[in-house]
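target.tsv (TSV, N, CA and C atoms)
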chain	number	residue	atom	x	y	z
W	95	MET	N	169.76	22.94	23.87
W	95	MET	CA	168.63	22.14	24.29
W	95	MET	C	167.61	23.02	25.01
W	96	VAL	N	166.35	22.84	24.70
W	96	VAL	CA	165.27	23.62	25.30
W	96	VAL	C	164.86	22.96	26.61
W	97	ASN	N	164.79	23.77	27.68
W	97	ASN	CA	164.36	23.19	28.95
W	97	ASN	C	162.84	23.09	29.00
W	98	ARG	N	162.35	22.33	29.96
W	98	ARG	CA	160.92	22.05	30.07
W	98	ARG	C	160.08	23.31	30.21
W	99	ARG	N	160.52	24.27	31.02
W	99	ARG	CA	159.75	25.51	31.22
W	99	ARG	C	159.67	26.32	29.94
W	100	ASP	N	160.77	26.39	29.19
W	100	ASP	CA	160.75	27.12	27.92
W	100	ASP	C	159.82	26.45	26.92
W	101	LEU	N	159.88	25.13	26.85
W	101	LEU	CA	159.01	24.40	25.93
W	101	LEU	C	157.55	24.59	26.32
W	102	GLN	N	157.26	24.48	27.61
W	102	GLN	CA	155.89	24.67	28.09
W	102	GLN	C	155.41	26.07	27.74
W	103	HIS	N	156.24	27.08	27.96
W	103	HIS	CA	155.89	28.46	27.63
W	103	HIS	C	155.58	28.59	26.14
W	104	ARG	N	156.42	28.04	25.30
W	104	ARG	CA	156.21	28.12	23.84
W	104	ARG	C	154.92	27.46	23.40
W	105	VAL	N	154.67	26.26	23.91
W	105	VAL	CA	153.48	25.52	23.51
W	105	VAL	C	152.21	26.25	23.96
W	106	ILE	N	152.16	26.64	25.22
W	106	ILE	CA	150.96	27.28	25.76
W	106	ILE	C	150.71	28.63	25.09
W	107	THR	N	151.75	29.46	24.95
W	107	THR	CA	151.53	30.78	24.34
W	107	THR	C	151.17	30.66	22.86
W	108	SER	N	151.71	29.68	22.17
W	108	SER	CA	151.33	29.46	20.78
W	108	SER	C	149.86	29.09	20.68
W	109	PHE	N	149.41	28.17	21.55
W	109	PHE	CA	148.00	27.79	21.58
W	109	PHE	C	147.12	29.00	21.90
W	110	GLN	N	147.51	29.76	22.94
W	110	GLN	CA	146.70	30.93	23.33
W	110	GLN	C	146.62	31.94	22.19
W	111	ARG	N	147.76	32.26	21.60
W	111	ARG	CA	147.82	33.28	20.55
W	111	ARG	C	147.01	32.89	19.31
W	112	ASN	N	147.09	31.62	18.92
W	112	ASN	CA	146.50	31.20	17.65
W	112	ASN	C	145.12	30.58	17.75
W	113	ILE	N	144.76	30.05	18.91
W	113	ILE	CA	143.47	29.36	19.02
W	113	ILE	C	142.62	29.93	20.16
W	114	GLY	N	143.13	29.83	21.38
W	114	GLY	CA	142.33	30.21	22.55
W	114	GLY	C	141.92	31.66	22.60
W	115	ASN	N	142.88	32.57	22.51
W	115	ASN	CA	142.56	34.00	22.65
W	115	ASN	C	141.61	34.52	21.58
W	116	PRO	N	141.79	34.17	20.29
W	116	PRO	CA	140.82	34.67	19.30
W	116	PRO	C	139.38	34.23	19.59
W	117	ILE	N	139.22	33.02	20.11
W	117	ILE	CA	137.87	32.54	20.45
W	117	ILE	C	137.35	33.28	21.68
W	118	LEU	N	138.16	33.35	22.75
W	118	LEU	CA	137.72	33.97	23.99
W	118	LEU	C	137.42	35.46	23.83
W	119	ARG	N	138.16	36.16	22.98
W	119	ARG	CA	137.91	37.60	22.78
W	119	ARG	C	136.51	37.86	22.24
W	120	ARG	N	135.95	36.88	21.55
W	120	ARG	CA	134.62	37.06	20.95
W	120	ARG	C	133.47	36.77	21.93
W	121	LEU	N	133.77	36.16	23.05
W	121	LEU	CA	132.73	35.83	24.02
W	121	LEU	C	132.37	37.06	24.84
W	122	GLY	N	131.11	37.40	24.88
W	122	GLY	CA	130.66	38.62	25.56
W	122	GLY	C	130.94	38.67	27.04
W	123	GLY	N	130.93	37.53	27.72
W	123	GLY	CA	131.13	37.53	29.16
W	123	GLY	C	132.58	37.39	29.59
W	124	GLN	N	133.48	37.20	28.65
W	124	GLN	CA	134.90	37.01	28.98
W	124	GLN	C	135.52	38.33	29.44
W	125	THR	N	136.28	38.28	30.52
W	125	THR	CA	137.02	39.46	30.98
W	125	THR	C	138.21	39.66	30.05
W	126	LEU	N	138.37	40.90	29.59
W	126	LEU	CA	139.46	41.24	28.68
W	126	LEU	C	140.33	42.33	29.29
W	127	LEU	N	141.63	42.22	29.08
W	127	LEU	CA	142.59	43.23	29.49
W	127	LEU	C	143.13	43.89	28.23
W	128	GLU	N	143.04	45.21	28.17
W	128	GLU	CA	143.60	45.95	27.05
W	128	GLU	C	144.80	46.76	27.54
W	129	THR	N	145.96	46.47	26.96
W	129	THR	CA	147.18	47.22	27.24
W	129	THR	C	147.57	47.97	25.97
W	130	THR	N	148.54	48.85	26.09
W	130	THR	CA	149.09	49.54	24.93
W	130	THR	C	150.40	48.86	24.56
W	131	GLY	N	150.52	48.44	23.31
W	131	GLY	CA	151.74	47.77	22.86
W	131	GLY	C	152.96	48.65	23.09
W	132	ARG	N	153.97	48.10	23.71
W	132	ARG	CA	155.15	48.88	24.08
W	132	ARG	C	155.96	49.31	22.87
W	133	VAL	N	155.87	48.61	21.76
W	133	VAL	CA	156.60	48.97	20.54
W	133	VAL	C	155.66	49.65	19.55
W	134	SER	N	154.50	49.04	19.32
W	134	SER	CA	153.57	49.53	18.30
W	134	SER	C	152.73	50.72	18.75
W	135	GLY	N	152.46	50.81	20.06
W	135	GLY	CA	151.55	51.83	20.55
W	135	GLY	C	150.08	51.48	20.29
W	136	GLN	N	149.83	50.30	19.74
W	136	GLN	CA	148.47	49.87	19.41
W	136	GLN	C	147.85	49.13	20.58
W	137	PRO	N	146.50	49.15	20.68
W	137	PRO	CA	145.83	48.39	21.75
W	137	PRO	C	146.07	46.89	21.56
W	138	ARG	N	146.33	46.21	22.67
W	138	ARG	CA	146.53	44.76	22.67
W	138	ARG	C	145.56	44.17	23.66
W	139	ILE	N	144.71	43.26	23.21
W	139	ILE	CA	143.63	42.71	24.05
W	139	ILE	C	143.91	41.25	24.36
W	140	THR	N	143.85	40.93	25.66
W	140	THR	CA	144.14	39.59	26.14
W	140	THR	C	143.02	39.11	27.06
W	141	PRO	N	142.45	37.94	26.81
W	141	PRO	CA	141.48	37.37	27.75
W	141	PRO	C	142.19	36.98	29.04
W	142	ILE	N	141.58	37.29	30.17
W	142	ILE	CA	142.15	36.94	31.46
W	142	ILE	C	141.03	36.44	32.37
W	143	GLY	N	141.41	35.89	33.49
W	143	GLY	CA	140.46	35.48	34.51
W	143	GLY	C	140.91	36.04	35.84
W	144	GLY	N	139.98	36.45	36.64
W	144	GLY	CA	140.30	37.00	37.95
W	144	GLY	C	139.03	37.38	38.67
W	145	ARG	N	139.15	38.29	39.61
W	145	ARG	CA	137.98	38.68	40.41
W	145	ARG	C	138.07	40.15	40.78
W	146	ARG	N	136.93	40.81	40.68
W	146	ARG	CA	136.81	42.18	41.15
W	146	ARG	C	136.50	42.16	42.63
W	147	THR	N	137.25	42.98	43.37
W	147	THR	CA	137.02	43.16	44.80
W	147	THR	C	136.98	44.66	45.03
W	148	GLY	N	135.79	45.19	45.27
W	148	GLY	CA	135.64	46.64	45.42
W	148	GLY	C	136.03	47.34	44.13
W	149	ASN	N	136.96	48.28	44.21
W	149	ASN	CA	137.40	49.02	43.03
W	149	ASN	C	138.71	48.49	42.47
W	150	SER	N	139.03	47.23	42.77
W	150	SER	CA	140.23	46.60	42.24
W	150	SER	C	139.86	45.28	41.56
W	151	PHE	N	140.64	44.93	40.55
W	151	PHE	CA	140.49	43.64	39.88
W	151	PHE	C	141.82	42.92	40.03
W	152	TRP	N	141.77	41.69	40.54
W	152	TRP	CA	142.96	40.89	40.81
W	152	TRP	C	143.03	39.73	39.85
W	153	PHE	N	144.24	39.44	39.35
W	153	PHE	CA	144.46	38.24	38.56
W	153	PHE	C	145.93	37.84	38.66
W	154	VAL	N	146.22	36.63	38.19
W	154	VAL	CA	147.60	36.13	38.23
W	154	VAL	C	148.03	35.80	36.81
W	155	SER	N	149.16	36.38	36.41
W	155	SER	CA	149.76	36.08	35.11
W	155	SER	C	150.50	34.76	35.22
W	156	GLU	N	150.22	33.84	34.31
W	156	GLU	CA	150.85	32.52	34.39
W	156	GLU	C	152.32	32.52	33.99
W	157	PHE	N	152.74	33.51	33.21
W	157	PHE	CA	154.14	33.54	32.76
W	157	PHE	C	154.88	34.80	33.21
W	158	GLY	N	154.30	35.55	34.13
W	158	GLY	CA	154.98	36.70	34.72
W	158	GLY	C	155.61	37.62	33.69
W	159	ASP	N	156.90	37.93	33.88
W	159	ASP	CA	157.59	38.88	32.99
W	159	ASP	C	157.73	38.39	31.56
W	160	ARG	N	157.43	37.13	31.32
W	160	ARG	CA	157.48	36.61	29.95
W	160	ARG	C	156.18	36.90	29.20
W	161	SER	N	155.13	37.29	29.91
W	161	SER	CA	153.85	37.63	29.27
W	161	SER	C	153.97	38.97	28.57
W	162	GLN	N	153.50	39.02	27.36
W	162	GLN	CA	153.57	40.27	26.59
W	162	GLN	C	152.80	41.38	27.28
W	163	TYR	N	151.64	41.07	27.85
W	163	TYR	CA	150.87	42.13	28.50
W	163	TYR	C	151.58	42.65	29.75
W	164	VAL	N	152.34	41.80	30.44
W	164	VAL	CA	153.11	42.27	31.60
W	164	VAL	C	154.21	43.22	31.11
W	165	ARG	N	154.86	42.86	30.02
W	165	ARG	CA	155.89	43.75	29.45
W	165	ARG	C	155.28	45.09	29.04
W	166	ASN	N	154.07	45.05	28.48
W	166	ASN	CA	153.40	46.29	28.11
W	166	ASN	C	153.06	47.13	29.34
W	167	ILE	N	152.60	46.48	30.41
W	167	ILE	CA	152.26	47.19	31.65
W	167	ILE	C	153.50	47.85	32.24
W	168	ARG	N	154.65	47.21	32.15
W	168	ARG	CA	155.88	47.81	32.67
W	168	ARG	C	156.19	49.15	31.99
W	169	VAL	N	155.81	49.28	30.72
W	169	VAL	CA	156.07	50.52	29.98
W	169	VAL	C	154.95	51.53	30.20
W	170	ASP	N	153.70	51.06	30.24
W	170	ASP	CA	152.54	51.95	30.40
W	170	ASP	C	151.50	51.18	31.20
W	171	ASN	N	151.32	51.57	32.46
W	171	ASN	CA	150.42	50.79	33.32
W	171	ASN	C	148.95	51.25	33.26
W	172	ARG	N	148.64	52.17	32.37
W	172	ARG	CA	147.23	52.53	32.16
W	172	ARG	C	146.60	51.46	31.28
W	173	VAL	N	145.52	50.87	31.74
W	173	VAL	CA	144.88	49.76	31.04
W	173	VAL	C	143.38	49.97	30.99
W	174	ARG	N	142.73	49.09	30.22
W	174	ARG	CA	141.28	49.00	30.25
W	174	ARG	C	140.92	47.54	30.51
W	175	LEU	N	139.81	47.34	31.21
W	175	LEU	CA	139.29	46.00	31.49
W	175	LEU	C	137.84	45.93	31.03
W	176	ARG	N	137.50	44.85	30.34
W	176	ARG	CA	136.09	44.62	30.04
W	176	ARG	C	135.58	43.60	31.05
W	177	LEU	N	134.70	44.09	31.92
W	177	LEU	CA	134.10	43.26	32.97
W	177	LEU	C	132.61	43.17	32.71
W	178	ARG	N	132.13	41.96	32.52
W	178	ARG	CA	130.70	41.74	32.26
W	178	ARG	C	130.17	42.62	31.14
W	179	GLY	N	130.98	42.74	30.08
W	179	GLY	CA	130.57	43.47	28.89
W	179	GLY	C	130.79	44.97	28.94
W	180	GLN	N	131.24	45.50	30.05
W	180	GLN	CA	131.44	46.95	30.21
W	180	GLN	C	132.92	47.26	30.36
W	181	TRP	N	133.41	48.26	29.62
W	181	TRP	CA	134.82	48.66	29.68
W	181	TRP	C	135.06	49.63	30.82
W	182	HIS	N	136.15	49.43	31.55
W	182	HIS	CA	136.58	50.28	32.66
W	182	HIS	C	138.04	50.63	32.45
W	183	THR	N	138.43	51.86	32.81
W	183	THR	CA	139.84	52.23	32.77
W	183	THR	C	140.43	52.03	34.16
W	184	GLY	N	141.75	51.86	34.19
W	184	GLY	CA	142.40	51.68	35.48
W	184	GLY	C	143.91	51.71	35.36
W	185	THR	N	144.54	51.49	36.50
W	185	THR	CA	146.00	51.47	36.59
W	185	THR	C	146.43	50.10	37.10
W	186	ALA	N	147.28	49.43	36.34
W	186	ALA	CA	147.75	48.08	36.70
W	186	ALA	C	148.99	48.17	37.55
W	187	HIS	N	149.07	47.29	38.54
W	187	HIS	CA	150.23	47.21	39.43
W	187	HIS	C	150.72	45.77	39.45
W	188	LEU	N	151.99	45.57	39.14
W	188	LEU	CA	152.61	44.26	39.19
W	188	LEU	C	153.09	44.04	40.62
W	189	LEU	N	152.73	42.91	41.22
W	189	LEU	CA	153.01	42.67	42.64
W	189	LEU	C	153.86	41.41	42.83
W	190	PRO	N	155.17	41.51	42.54
W	190	PRO	CA	156.03	40.32	42.65
W	190	PRO	C	156.16	39.81	44.08
W	191	ASP	N	155.91	40.63	45.09
W	191	ASP	CA	156.04	40.19	46.48
W	191	ASP	C	154.77	39.51	47.01
W	192	ASP	N	153.69	39.55	46.23
W	192	ASP	CA	152.45	38.89	46.63
W	192	ASP	C	152.62	37.38	46.41
W	193	ASP	N	152.02	36.58	47.26
W	193	ASP	CA	152.05	35.12	47.11
W	193	ASP	C	151.00	34.73	46.06
W	194	ALA	N	151.46	34.53	44.83
W	194	ALA	CA	150.54	34.27	43.71
W	194	ALA	C	149.76	32.96	43.89
W	195	VAL	N	150.39	31.95	44.47
W	195	VAL	CA	149.70	30.68	44.70
W	195	VAL	C	148.56	30.87	45.70
W	196	ALA	N	148.82	31.60	46.77
W	196	ALA	CA	147.77	31.90	47.75
W	196	ALA	C	146.69	32.77	47.12
W	197	ARG	N	147.09	33.71	46.29
W	197	ARG	CA	146.13	34.60	45.62
W	197	ARG	C	145.19	33.79	44.73
W	198	LEU	N	145.72	32.80	44.03
W	198	LEU	CA	144.88	31.98	43.14
W	198	LEU	C	143.76	31.28	43.91
W	199	LYS	N	143.97	31.00	45.19
W	199	LYS	CA	142.94	30.35	46.00
W	199	LYS	C	141.76	31.28	46.25
W	200	GLU	N	141.96	32.58	46.08
W	200	GLU	CA	140.89	33.56	46.29
W	200	GLU	C	140.17	33.91	44.98
W	201	LEU	N	140.68	33.42	43.87
W	201	LEU	CA	140.14	33.76	42.55
W	201	LEU	C	139.29	32.61	42.02
W	202	PRO	N	138.53	32.83	40.95
W	202	PRO	CA	137.67	31.77	40.42
W	202	PRO	C	138.43	30.46	40.17
W	203	ARG	N	137.84	29.38	40.61
W	203	ARG	CA	138.49	28.08	40.65
W	203	ARG	C	138.98	27.58	39.30
W	204	TYR	N	138.13	27.61	38.28
W	204	TYR	CA	138.52	27.03	36.98
W	204	TYR	C	139.76	27.72	36.43
W	205	ASN	N	139.72	29.05	36.35
W	205	ASN	CA	140.87	29.78	35.82
W	205	ASN	C	142.11	29.55	36.67
W	206	SER	N	141.94	29.56	37.98
W	206	SER	CA	143.08	29.34	38.88
W	206	SER	C	143.72	27.97	38.67
W	207	THR	N	142.89	26.97	38.44
W	207	THR	CA	143.41	25.63	38.20
W	207	THR	C	144.26	25.59	36.93
W	208	VAL	N	143.77	26.24	35.88
W	208	VAL	CA	144.51	26.27	34.62
W	208	VAL	C	145.82	27.04	34.78
W	209	VAL	N	145.77	28.18	35.45
W	209	VAL	CA	146.98	28.99	35.66
W	209	VAL	C	148.01	28.20	36.46
W	210	ARG	N	147.58	27.54	37.52
W	210	ARG	CA	148.50	26.73	38.34
W	210	ARG	C	149.08	25.57	37.53
W	211	ALA	N	148.24	24.94	36.71
W	211	ALA	CA	148.68	23.76	35.96
W	211	ALA	C	149.70	24.10	34.88
W	212	PHE	N	149.50	25.22	34.20
W	212	PHE	CA	150.34	25.54	33.04
W	212	PHE	C	151.33	26.66	33.28
W	213	GLY	N	151.12	27.44	34.32
W	213	GLY	CA	152.00	28.58	34.57
W	213	GLY	C	153.37	28.16	35.05
W	214	THR	N	154.36	28.95	34.68
W	214	THR	CA	155.74	28.66	35.08
W	214	THR	C	156.33	29.78	35.93
W	215	ASP	N	155.82	30.99	35.80
W	215	ASP	CA	156.36	32.16	36.52
W	215	ASP	C	155.20	33.02	36.98
W	216	LEU	N	154.50	32.59	38.01
W	216	LEU	CA	153.29	33.28	38.45
W	216	LEU	C	153.60	34.67	38.99
W	217	LEU	N	152.74	35.63	38.62
W	217	LEU	CA	152.89	37.02	39.04
W	217	LEU	C	151.51	37.60	39.28
W	218	THR	N	151.28	38.13	40.47
W	218	THR	CA	150.01	38.76	40.80
W	218	THR	C	149.95	40.15	40.17
W	219	VAL	N	148.77	40.48	39.63
W	219	VAL	CA	148.53	41.80	39.06
W	219	VAL	C	147.24	42.34	39.68
W	220	ARG	N	147.28	43.60	40.10
W	220	ARG	CA	146.08	44.28	40.61
W	220	ARG	C	145.82	45.48	39.71
W	221	VAL	N	144.59	45.63	39.27
W	221	VAL	CA	144.19	46.81	38.51
W	221	VAL	C	143.26	47.63	39.38
W	222	ASP	N	143.70	48.85	39.69
W	222	ASP	CA	142.85	49.78	40.43
W	222	ASP	C	141.99	50.51	39.41
W	223	LEU	N	140.68	50.30	39.52
W	223	LEU	CA	139.73	50.86	38.55
W	223	LEU	C	139.47	52.34	38.88
W	224	ASP	N	139.41	53.14	37.82
W	224	ASP	CA	139.09	54.56	37.98
W	224	ASP	C	137.63	54.69	38.39
W	225	PRO	N	137.31	55.70	39.20
W	225	PRO	CA	135.90	55.94	39.54
W	225	PRO	C	135.12	56.29	38.28
W	226	ILE	N	133.89	55.85	38.23
W	226	ILE	CA	133.02	56.18	37.09
W	226	ILE	C	132.53	57.62	37.30
W	227	PRO	N	132.77	58.48	36.30
W	227	PRO	CA	132.38	59.90	36.48
W	227	PRO	C	130.89	60.10	36.56

Structure re-expressed in C-alpha cells:
Amino acid sequence: MVNRRDLQHRVITSFQRNIGNPILRRLGGQTLLETTGRVSGQPRITPIGGRRTGNSFWFVSEFGDRSQYVRNIRVDNRVRLRLRGQWHTGTAHLLPDDDAVARLKELPRYNSTVVRAFGTDLLTVRVDLDPIP
C-alpha cells in the first residue's frame, strides 16, 4: 500500500516533470537551477523559487533528498543559476539543520506557499555565487 507522502510525491513530481517544468523553463524571468546529472553527466535544469541575499541564493527543496537535483548536488555541488535572465556559477550547500519552515517565511510568498502546501521533506539549500570576474 502506498502511503500519503509517497503518493503526494509521485503526483507532484509527475506534474512538475511533464507539465510545469517544461513551461516554466521557457519563461525568461523564471529562476533556473542547473545541476550535473549524477549518472548521465548531462546538465539538468529545474525551475526553482527563492531569493538572492548578497552573494548567496536561498531556496527550499520541497522533497529534500527525494529531489533529483538534491541528489545531483550531493555528487557535484557546482551549479549554475539563471537569475533575471543572467547565468551565474556557484556552489550549492544542503543545510539539513536549517529551519526550512522559518526560511520559507523569508522567501517570496507565492513560491513559499506552494512549497509548504505540497512539500513533504523540506530542505534548505544555499548557493554561494562566484564573484563575477

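Comparing W:Asp215, W:Leu177, W:Leu201, W:Leu188 by their smallest distance to W:Arg160, the closest is W:Asp215 (using all atoms listed in the file).
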
Closest of W:Val221, W:Val154, W:Val208, W:Ile167 to W:Ala196 - atom-to-atom distances counting only C-alpha atoms: W:Val154

Could you name the residues that touch W:Thr125 at 5 Å or less, counting only N, CA and C atoms, but leaving out those on the same chain fewer than 4 positions away, as an MDAnalysis selection string? chainID W and resid 141:142 176

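Ranking W:Asp159, W:Leu217, W:Asp224, W:Arg146 by their shortest atom-to-atom distance to W:Pro202, with only C-alpha atoms included, puts W:Arg146 first.
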
Please indicate the distance in Å from atom CA of W:Leu216 to atom C of W:Ile139, rounded to one decimal place. 18.7 Å

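Proximity ranking of W:Thr218, W:Gln124, W:Asn149, W:Leu223 relative to W:His182 places W:Leu223 first, based on all atoms listed in the file.
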
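You will find atom CA of W:Ser155 at 8.8 Å from atom CA of W:Ala194.
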
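Atom C of W:Gln162 is found 20.1 Å from atom N of W:Asn205.
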
With only N, CA and C atoms as the counted atoms, please give the residues lying no more than 7 Å from W:Asn171, apart from itself and same-chain residues fewer than 5 positions off, as a compact mmCIF listing (two decimals) with N, CA and C atoms, in the frame of the given file.
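Once written, part.txt looks like this:
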# COMPACT_ATOMS: atom_id res chain seq x y z
N ASN W 166 154.07 45.05 28.48
CA ASN W 166 153.40 46.29 28.11
C ASN W 166 153.06 47.13 29.34
N GLY W 184 141.75 51.86 34.19
CA GLY W 184 142.40 51.68 35.48
C GLY W 184 143.91 51.71 35.36
N THR W 185 144.54 51.49 36.50
CA THR W 185 146.00 51.47 36.59
C THR W 185 146.43 50.10 37.10
N ALA W 186 147.28 49.43 36.34
CA ALA W 186 147.75 48.08 36.70
C ALA W 186 148.99 48.17 37.55
N HIS W 187 149.07 47.29 38.54
CA HIS W 187 150.23 47.21 39.43
C HIS W 187 150.72 45.77 39.45

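Residue nearest W:Lys199 within the list W:Gly179, W:Pro137, W:Gly144, W:Gly131: W:Gly144 [criterion: smallest interatomic distance, only C-alpha atoms].
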
From a DSSP pass on the backbone, collect the residues of stretch 129-191 of chain W flagged as strand (DSSP E) and hand them back as a PyMOL selection string. chain W and resi 129-130+137-141+144-147+150-155+172-177+180-189

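The smallest atom-to-atom distance between W:Val133 and any of W:Val219, W:Thr147, W:Asp170, W:Glu156, using only C-alpha atoms, is found for W:Asp170.
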
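Backbone DSSP assigns helix (DSSP H, G or I) in stretch 122-163 of chain W to Gly158, Asp159, Arg160, Gln162 and Tyr163 of chain W.
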
Could you model all heavy atoms for stretch 213-222 of chain W and present them as a tab-separated table (two decimals), keeping the file's coordinate frame?
chain	number	residue	atom	x	y	z
W	213	GLY	N	151.12	27.44	34.32
W	213	GLY	CA	152.00	28.58	34.57
W	213	GLY	C	153.37	28.16	35.05
W	213	GLY	O	153.53	27.15	35.73
W	214	THR	N	154.36	28.95	34.68
W	214	THR	CA	155.74	28.66	35.08
W	214	THR	C	156.33	29.78	35.93
W	214	THR	O	157.27	29.55	36.69
W	214	THR	CB	156.63	28.44	33.86
W	214	THR	OG1	156.59	29.59	33.03
W	214	THR	CG2	156.20	27.21	33.08
W	215	ASP	N	155.82	30.99	35.80
W	215	ASP	CA	156.36	32.16	36.52
W	215	ASP	C	155.20	33.02	36.98
W	215	ASP	O	154.94	34.07	36.38
W	215	ASP	CB	157.29	32.97	35.60
W	215	ASP	CG	158.45	32.15	35.09
W	215	ASP	OD1	159.24	31.69	35.93
W	215	ASP	OD2	158.58	31.97	33.86
W	216	LEU	N	154.50	32.59	38.01
W	216	LEU	CA	153.29	33.28	38.45
W	216	LEU	C	153.60	34.67	38.99
W	216	LEU	O	154.58	34.88	39.70
W	216	LEU	CB	152.58	32.45	39.53
W	216	LEU	CG	152.22	31.03	39.15
W	216	LEU	CD1	151.50	30.35	40.31
W	216	LEU	CD2	151.39	30.97	37.89
W	217	LEU	N	152.74	35.63	38.62
W	217	LEU	CA	152.89	37.02	39.04
W	217	LEU	C	151.51	37.60	39.28
W	217	LEU	O	150.66	37.59	38.38
W	217	LEU	CB	153.63	37.83	37.97
W	217	LEU	CG	153.74	39.33	38.22
W	217	LEU	CD1	154.61	39.62	39.44
W	217	LEU	CD2	154.30	40.03	36.98
W	218	THR	N	151.28	38.13	40.47
W	218	THR	CA	150.01	38.76	40.80
W	218	THR	C	149.95	40.15	40.17
W	218	THR	O	150.94	40.90	40.19
W	218	THR	CB	149.83	38.89	42.32
W	218	THR	OG1	149.89	37.59	42.91
W	218	THR	CG2	148.51	39.55	42.68
W	219	VAL	N	148.77	40.48	39.63
W	219	VAL	CA	148.53	41.80	39.06
W	219	VAL	C	147.24	42.34	39.68
W	219	VAL	O	146.24	41.62	39.78
W	219	VAL	CB	148.38	41.74	37.52
W	219	VAL	CG1	148.16	43.14	36.94
W	219	VAL	CG2	149.58	41.07	36.87
W	220	ARG	N	147.28	43.60	40.10
W	220	ARG	CA	146.08	44.28	40.61
W	220	ARG	C	145.82	45.48	39.71
W	220	ARG	O	146.74	46.25	39.42
W	220	ARG	CB	146.29	44.76	42.05
W	220	ARG	CG	145.03	45.40	42.65
W	220	ARG	CD	145.30	46.03	44.01
W	220	ARG	NE	146.00	47.30	43.81
W	220	ARG	CZ	147.13	47.65	44.43
W	220	ARG	NH1	147.73	46.84	45.27
W	220	ARG	NH2	147.67	48.83	44.19
W	221	VAL	N	144.59	45.63	39.27
W	221	VAL	CA	144.19	46.81	38.51
W	221	VAL	C	143.26	47.63	39.38
W	221	VAL	O	142.20	47.16	39.79
W	221	VAL	CB	143.47	46.42	37.18
W	221	VAL	CG1	143.02	47.67	36.44
W	221	VAL	CG2	144.39	45.57	36.30
W	222	ASP	N	143.70	48.85	39.69
W	222	ASP	CA	142.85	49.78	40.43
W	222	ASP	C	141.99	50.51	39.41
W	222	ASP	O	142.49	51.22	38.53
W	222	ASP	CB	143.71	50.77	41.23
W	222	ASP	CG	144.49	50.09	42.34
W	222	ASP	OD1	144.04	49.05	42.84
W	222	ASP	OD2	145.58	50.60	42.68
